[in-house]
Every structure is written in structure tokens, then in C-alpha cells.
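Novice: Quick one: structure below, then a few questions.
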Amino acid sequence: MRILFAGTPEIAVPTLRALSEHFEVGAVLTTVDKPGSRGKTPIPSAVKEEALRLNLPVVQVEHLKGEARSLIASYGCDTLVCFAYGKLFGPKFLSLFSGEKLNIHPSLLPLLRGSSPIQGAILNQFSQTGISVQRIEQEMDSGDLLSSVTLALQGDETTESLTALVKERAALLAVESLHSLENGTASFTPQQGTPTYTQMITKDMAKIDWTLPAKAIHALVRTLYPWPKASTLYEGQVLMITSVYGNVQEAGLEPVPEQVGCGTVVRKEKGKGIAIATGSGLLWVNRLQLEKRKDLDWQSFLNGNRSFLETRLE
């Protein structure tokens with residue numbers, strides 16, 4: 001088994017490292033370097049940096065057409081393992097591999113097919129999610145499953161913290177899956193159930209609608225951290241809510257006082273933070289960040305913004 005590993009972001013790095021320790025990785029396919037700001041040196045992907053550290057050949061191409069396919073074929077890889085590469089593979093590219101063509105996807109397929117399954121699990125307030133290893137097919141994330149692992153969610157995960165967990169567990173699952181192929185014990189099963197799909201995470205999602213229930217806003221804040229960060233307007237300034245108190249099950253249990261409008265900053269409480277009125281219950285926030293300013297704990301933020309209490313956020 002000689003593997004072409006295709007991946008780009010940091011989440012894929014431990015998987016590349018683990019596969020290189022246990023199997024023969026013939027080459028690494030990753031996206032081209034991003035332009036540096038203001039003419040500075042181009043920025044390589046996290047996977048490229050790891051591949052160079054491991055002394056593995058790196059392939060970076062703008063597209064996967066004829067010349068690129070010929071280059072990739074020259075490395076003699078029979079097995080493809082993909083984890084967050086960032087481009088779709090056509091049938092001509094897949095035909096380069098005589099062995100299995102596998103994709104690692106951070107959900108329990110067929111749930112949360114698409115580009116943002118980690119965010120989707122948080123935003124939808126799931127009690128569990130997982131990681132799947134599947135065959136690559138032309139229909140997105142539809143291939144038969146080789147293996148999967150379930151991850152329990154506590155309701156306080158952020159995209160940052162759940163990504164950190166997934167990237168370590170995915171590496172273990174990938175090694176186990178490839179060993180099963182190698183020793184002939186691998187078994188593929190069709191996906192069961194009705195597929196669901198994720199939405200692309202964009203800056204347009206950042207603005208908080210305070211008429212939503214506290215639970216929904218709690219999930220949104222965690223989904224959009226560390227990017228693009230959930231935001232609101234405070235006295236005409238963009239204010240990002242970067243952290244919320246407790247888990248989503250606790251959010252909104254305290255009722256909003258009568259005659260208090262949604263988005264009103266109600267009170268502060270030691271150990272919990274700042275309470276903000278929502279469409280259903282109070283939301284406690286404990287870290288805030290004005291645009292172009294530092295991210296602060298709620299007490300430090302109030303020290304510098306003494307008029308914040310009883311303000312109505314928009």
C-alpha cells in the first residue's frame with residue numbers, strides 16, 4: 001500500500017503524521033500557498049509544512065487536470081486518503097488509484113454532509129457527533145462507510161475545541177482503518193438514514209438576532225468561535241461575543257424580566273458573567289471583544305465600558 005495523502009488545514013496534520021509512521025506515504029497533495037499580505041512571502045498550508053518536516057514529496061496544483069494527474073501518477077500511489085483537501089475529485093483523478101479511495105469526514109454520515117460538519121453539530125445542538133471513514137464517490141460524502149467513531153458532546157464545545165478533539169481522534173481512526181485494509185479485515189457498509197447537509201460558514205452568519213431563544217444564540221456563539229465570531233452592535237460599534245457561560249442545556253433557564261426587550265443587558269453576576277435578554281430566557285456571556293480591540297473577560301470589559309449594563313444591543 002502506497003498512499004497519496006490529500007489535505008490542507010491543521011485538522012489534517014495529525015492524520016498525515018500518523019499515516020507516515022505506520023504506512024508508506026508516497027506523496028502529499030495540498031492546495032497552493034496563499035498570497036502573503038502586502039507582498040510578503042506566500043503562506044503554505046499546515047499540511048505542506050508537516051509534509052516537508054517529514055521529508056515527504058509535496059504536490060501543489062491549481063487544478064487536477066491532465067498535467068497535474070500525470071504528475072501525481074508519477075509517484076506510484078495506489079491508495080488515496082483525503083482529509084479536508086478543499087477540492088472535489090473527478091473520475092479521471094480517482095482512476096489513478098488501483099486501491100481504495102478514502103475520505104475522512106467529521107460527522108456520523110449521512111448526517112452533516114458538506115463543508116462544515118463540526119460547526120453543524122454545534123449549531124444544531126447535537127448531543128453527539130463523530131468521524132467517518134468513507135469511500136469517495138462522485139456524490140458528495142455519499143460513499144460506503146469503512147469505519148466510524150462517536151464523540152459525545154457536552155454542549156459547551158466551540159468549533160476550536162471540537163476541531164482539536166477531532167484532529168486527534170481522526171488520526172487514530174485513520175490508522176485503524178488502513179490497517180484493516182492491509183490485513184484484509186475491512187468491511188464497507190452503505191450509509192443508513194436520511195442525509196442532512198451543512199451550510200457554508202460565512203461572515204453573514206455573525207450578526208446575533210436577540211429575538212432568538214438563548215439556546216440558539218449560545219450555540220451560534222460557540223459555532224462561530226474562533227471565526228468569524230458572533231457579533232452585535234453596542235452604541236454603534238461592532239461587539240463580538242466570544243464566549244458564553246455553561247452548556248447549551250442550561251442556557252435560557254432564567255426568564256427575562258417583564259417589560260425588558262430582547263438584547264437588553266440585564267445584570268452581572270460573579271461566576272456567570274453578564275446576562276442579556278433573548279427571545280426566550282437570559283443568556284450569560286463571559287467574554288467580549290470590541291472590533292479592533294482585545295478579547296476581554298466580562299469583568300475587564302465592564303471596567304472599560306461602565307455604561308454597558310442596561311444598554312440595549314442591536
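The way I read the labels, and the way they are meant: chains A, B, ... in the order of the C-alpha cells, residue 1 as the first residue of every chain, and ligand 1 as the first ligand shown, with later ones counted on from there.
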Within stretch 12-202 of chain A, find each residue whose DSSP state, derived from the backbone, is alpha helix (DSSP H), and express the selection as a PDB file with C-alpha atoms, in the first residue's frame.

Specialist:
ATOM      1  CA  VAL A  13      -1.864  17.266  10.257  1.00  0.00           C
ATOM      2  CA  PRO A  14      -2.024  14.560  12.975  1.00  0.00           C
ATOM      3  CA  THR A  15      -3.551  12.145  10.450  1.00  0.00           C
ATOM      4  CA  LEU A  16      -0.725  12.732   7.976  1.00  0.00           C
ATOM      5  CA  ARG A  17       1.832  12.275  10.747  1.00  0.00           C
ATOM      6  CA  ALA A  18       0.216   9.045  11.963  1.00  0.00           C
ATOM      7  CA  LEU A  19      -0.090   7.566   8.481  1.00  0.00           C
ATOM      8  CA  SER A  20       3.555   8.335   7.751  1.00  0.00           C
ATOM      9  CA  GLU A  21       4.558   6.442  10.898  1.00  0.00           C
ATOM     10  CA  HIS A  22       2.565   3.311  10.046  1.00  0.00           C
ATOM     11  CA  ALA A  46      -0.391  23.394   7.600  1.00  0.00           C
ATOM     12  CA  VAL A  47      -0.272  20.044   5.772  1.00  0.00           C
ATOM     13  CA  LYS A  48       2.516  21.247   3.492  1.00  0.00           C
ATOM     14  CA  GLU A  49       4.595  22.357   6.464  1.00  0.00           C
ATOM     15  CA  GLU A  50       4.150  18.956   8.127  1.00  0.00           C
ATOM     16  CA  ALA A  51       4.926  17.076   4.904  1.00  0.00           C
ATOM     17  CA  LEU A  52       8.189  18.992   4.489  1.00  0.00           C
ATOM     18  CA  ARG A  53       9.072  18.264   8.109  1.00  0.00           C
ATOM     19  CA  GLY A  66      -4.169  16.330 -17.374  1.00  0.00           C
ATOM     20  CA  GLU A  67      -0.667  17.536 -16.449  1.00  0.00           C
ATOM     21  CA  ALA A  68      -1.473  17.507 -12.745  1.00  0.00           C
ATOM     22  CA  ARG A  69      -2.805  13.959 -12.968  1.00  0.00           C
ATOM     23  CA  SER A  70       0.324  12.835 -14.793  1.00  0.00           C
ATOM     24  CA  LEU A  71       2.492  14.372 -12.085  1.00  0.00           C
ATOM     25  CA  ILE A  72       0.522  12.665  -9.334  1.00  0.00           C
ATOM     26  CA  ALA A  73       0.591   9.328 -11.194  1.00  0.00           C
ATOM     27  CA  PRO A  91     -13.497  10.216 -12.061  1.00  0.00           C
ATOM     28  CA  LYS A  92     -10.279  10.626 -14.093  1.00  0.00           C
ATOM     29  CA  PHE A  93      -8.356  11.615 -10.977  1.00  0.00           C
ATOM     30  CA  LEU A  94      -9.821   8.746  -8.941  1.00  0.00           C
ATOM     31  CA  PRO A 117     -19.778  19.285   9.848  1.00  0.00           C
ATOM     32  CA  ILE A 118     -18.002  20.341  13.049  1.00  0.00           C
ATOM     33  CA  GLN A 119     -19.810  23.678  13.081  1.00  0.00           C
ATOM     34  CA  GLY A 120     -23.038  21.972  12.075  1.00  0.00           C
ATOM     35  CA  ALA A 121     -23.013  19.646  15.075  1.00  0.00           C
ATOM     36  CA  ILE A 122     -22.640  22.608  17.449  1.00  0.00           C
ATOM     37  CA  LEU A 123     -25.122  24.866  15.685  1.00  0.00           C
ATOM     38  CA  THR A 159     -15.542  24.982  16.816  1.00  0.00           C
ATOM     39  CA  GLU A 160     -11.992  25.456  18.083  1.00  0.00           C
ATOM     40  CA  SER A 161     -12.227  22.895  20.892  1.00  0.00           C
ATOM     41  CA  LEU A 162     -14.177  20.305  18.888  1.00  0.00           C
ATOM     42  CA  THR A 163     -11.728  20.611  15.989  1.00  0.00           C
ATOM     43  CA  ALA A 164      -8.868  19.945  18.408  1.00  0.00           C
ATOM     44  CA  LEU A 165     -10.602  16.759  19.586  1.00  0.00           C
ATOM     45  CA  VAL A 166     -11.488  15.598  16.075  1.00  0.00           C
ATOM     46  CA  LYS A 167      -7.989  16.029  14.687  1.00  0.00           C
ATOM     47  CA  GLU A 168      -6.501  13.691  17.314  1.00  0.00           C
ATOM     48  CA  ARG A 169      -9.251  11.061  17.129  1.00  0.00           C
ATOM     49  CA  ALA A 170      -9.258  11.113  13.331  1.00  0.00           C
ATOM     50  CA  ALA A 171      -5.589  10.163  13.253  1.00  0.00           C
ATOM     51  CA  LEU A 172      -6.266   7.049  15.357  1.00  0.00           C
ATOM     52  CA  LEU A 173      -9.286   6.093  13.264  1.00  0.00           C
ATOM     53  CA  ALA A 174      -7.353   6.513  10.021  1.00  0.00           C
ATOM     54  CA  VAL A 175      -4.573   4.199  11.161  1.00  0.00           C
ATOM     55  CA  GLU A 176      -7.058   1.565  12.350  1.00  0.00           C
ATOM     56  CA  SER A 177      -8.945   1.801   9.052  1.00  0.00           C
ATOM     57  CA  LEU A 178      -5.847   1.442   6.880  1.00  0.00           C
ATOM     58  CA  HIS A 179      -4.620  -1.497   8.992  1.00  0.00           C
ATOM     59  CA  SER A 180      -7.960  -3.234   8.358  1.00  0.00           C
ATOM     60  CA  LEU A 181      -7.439  -2.775   4.617  1.00  0.00           C
ATOM     61  CA  GLU A 182      -3.903  -4.063   4.858  1.00  0.00           C
TER      62      GLU A 182
END

Novice: Any idea what's packed within 8 Å of A:Val61, counting only C-alpha atoms, ignoring anything in its chain fewer than 5 positions away? Could you give it as a PyMOL selection string?

Specialist: chain A and resi 30-32+68

Novice: For the residues selected in the previous step, produce a file with C-alpha atoms as an mmCIF file, in the first residue's frame.

Specialist:
data_model
loop_
_atom_site.group_PDB
_atom_site.id
_atom_site.type_symbol
_atom_site.label_atom_id
_atom_site.label_comp_id
_atom_site.auth_asym_id
_atom_site.auth_seq_id
_atom_site.Cartn_x
_atom_site.Cartn_y
_atom_site.Cartn_z
ATOM 1 C CA THR A 30 -2.268 20.098 -0.782
ATOM 2 C CA THR A 31 -3.548 23.443 -2.010
ATOM 3 C CA VAL A 32 -1.222 26.101 -3.382
ATOM 4 C CA ALA A 68 -1.473 17.507 -12.745
#

Novice: Could you name the residues that touch stretch 292-301 of chain A at 10 Å or less, counting only C-alpha atoms, but leaving out those on the same chain fewer than 2 positions away, as a ChimeraX atom specification?

Specialist: /A:238-243,268-270,272-274,285-290,303-306,308

Novice: Would you mind exporting C-alpha atoms of the selected residues as a PDB file, in the first residue's frame?

Specialist:
ATOM      1  CA  VAL A 238     -19.339  46.108  16.458  1.00  0.00           C
ATOM      2  CA  LEU A 239     -19.136  44.000  19.603  1.00  0.00           C
ATOM      3  CA  MET A 240     -18.197  40.338  19.343  1.00  0.00           C
ATOM      4  CA  ILE A 241     -19.497  37.856  21.901  1.00  0.00           C
ATOM      5  CA  THR A 242     -16.675  35.327  22.095  1.00  0.00           C
ATOM      6  CA  SER A 243     -17.693  33.090  24.994  1.00  0.00           C
ATOM      7  CA  LYS A 268     -23.955  40.950  36.048  1.00  0.00           C
ATOM      8  CA  GLU A 269     -23.228  38.064  38.400  1.00  0.00           C
ATOM      9  CA  LYS A 270     -19.943  36.755  39.754  1.00  0.00           C
ATOM     10  CA  LYS A 272     -21.504  33.631  35.429  1.00  0.00           C
ATOM     11  CA  GLY A 273     -20.872  36.904  33.619  1.00  0.00           C
ATOM     12  CA  ILE A 274     -23.305  39.322  32.004  1.00  0.00           C
ATOM     13  CA  VAL A 285     -21.856  35.840  28.285  1.00  0.00           C
ATOM     14  CA  ASN A 286     -18.381  35.903  29.815  1.00  0.00           C
ATOM     15  CA  ARG A 287     -16.022  37.172  27.113  1.00  0.00           C
ATOM     16  CA  LEU A 288     -16.500  40.145  24.799  1.00  0.00           C
ATOM     17  CA  GLN A 289     -14.423  41.957  22.204  1.00  0.00           C
ATOM     18  CA  LEU A 290     -14.952  45.345  20.605  1.00  0.00           C
ATOM     19  CA  ASN A 303     -14.360  48.151  33.817  1.00  0.00           C
ATOM     20  CA  GLY A 304     -13.693  49.835  30.487  1.00  0.00           C
ATOM     21  CA  ASN A 305     -17.344  50.170  29.452  1.00  0.00           C
ATOM     22  CA  ARG A 306     -19.255  51.230  32.547  1.00  0.00           C
ATOM     23  CA  PHE A 308     -22.800  48.689  29.231  1.00  0.00           C
TER      24      PHE A 308
END

Novice: Using DSSP on the backbone, list every residue of stretch 39-217 of chain A that comes out as strand (DSSP E or B), and give them as a PyMOL selection string.

Specialist: chain A and resi 43+58-60+79-83+101-105+113+128-135+145-152+189+197+207+213

Novice: Please identify every residue of stretch 48-165 of chain A that has at least one atom no farther than 9 Å from an atom of stretch 244-260 of chain A, counting only C-alpha atoms, and for each give the shortest atom pair and the distance in Å to one decimal, arranged by chain then increasing number, as CSV.

Specialist:
residue,atom,partner,partner_atom,distance
A:Gln125,CA,A:Val248,CA,7.5
A:Gln154,CA,A:Asn247,CA,6.9
A:Gly155,CA,A:Asn247,CA,4.7
A:Asp156,CA,A:Asn247,CA,4.5
A:Glu157,CA,A:Asn247,CA,8.3

Novice: Would you write out those residues with C-alpha atoms, as a short mmCIF file (atom, residue, chain, number, x, y, z; two decimals), in the first residue's frame?

Specialist:
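In the end it all went to out.cif:
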data_model
loop_
_atom_site.label_atom_id
_atom_site.label_comp_id
_atom_site.auth_asym_id
_atom_site.auth_seq_id
_atom_site.Cartn_x
_atom_site.Cartn_y
_atom_site.Cartn_z
CA GLN A 125 -27.20 21.41 19.34
CA GLN A 154 -21.35 18.28 26.38
CA GLY A 155 -23.00 21.38 24.91
CA ASP A 156 -20.12 23.74 25.70
CA GLU A 157 -17.85 22.90 22.74
#

Novice: Fewer than 4 positions away in the same chain doesn't count, so skip those; otherwise give me all residues within 12 Å of stretch 189-196 of chain A, counting only C-alpha atoms, as a list in words.

Specialist: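 Non-adjacent residues within range: Ser107, Leu108, Leu109, Pro110, Leu111, Leu112, Arg113, Gly114, Ser116, Pro117, Gly120, Ala121, Asn124, Ser132, Val133, Gln134, Arg135, Glu139, Met140, Asp141, Ser142, Gly143, Asp144, Leu145, Leu146, Ser147 and Ser148 of chain A.
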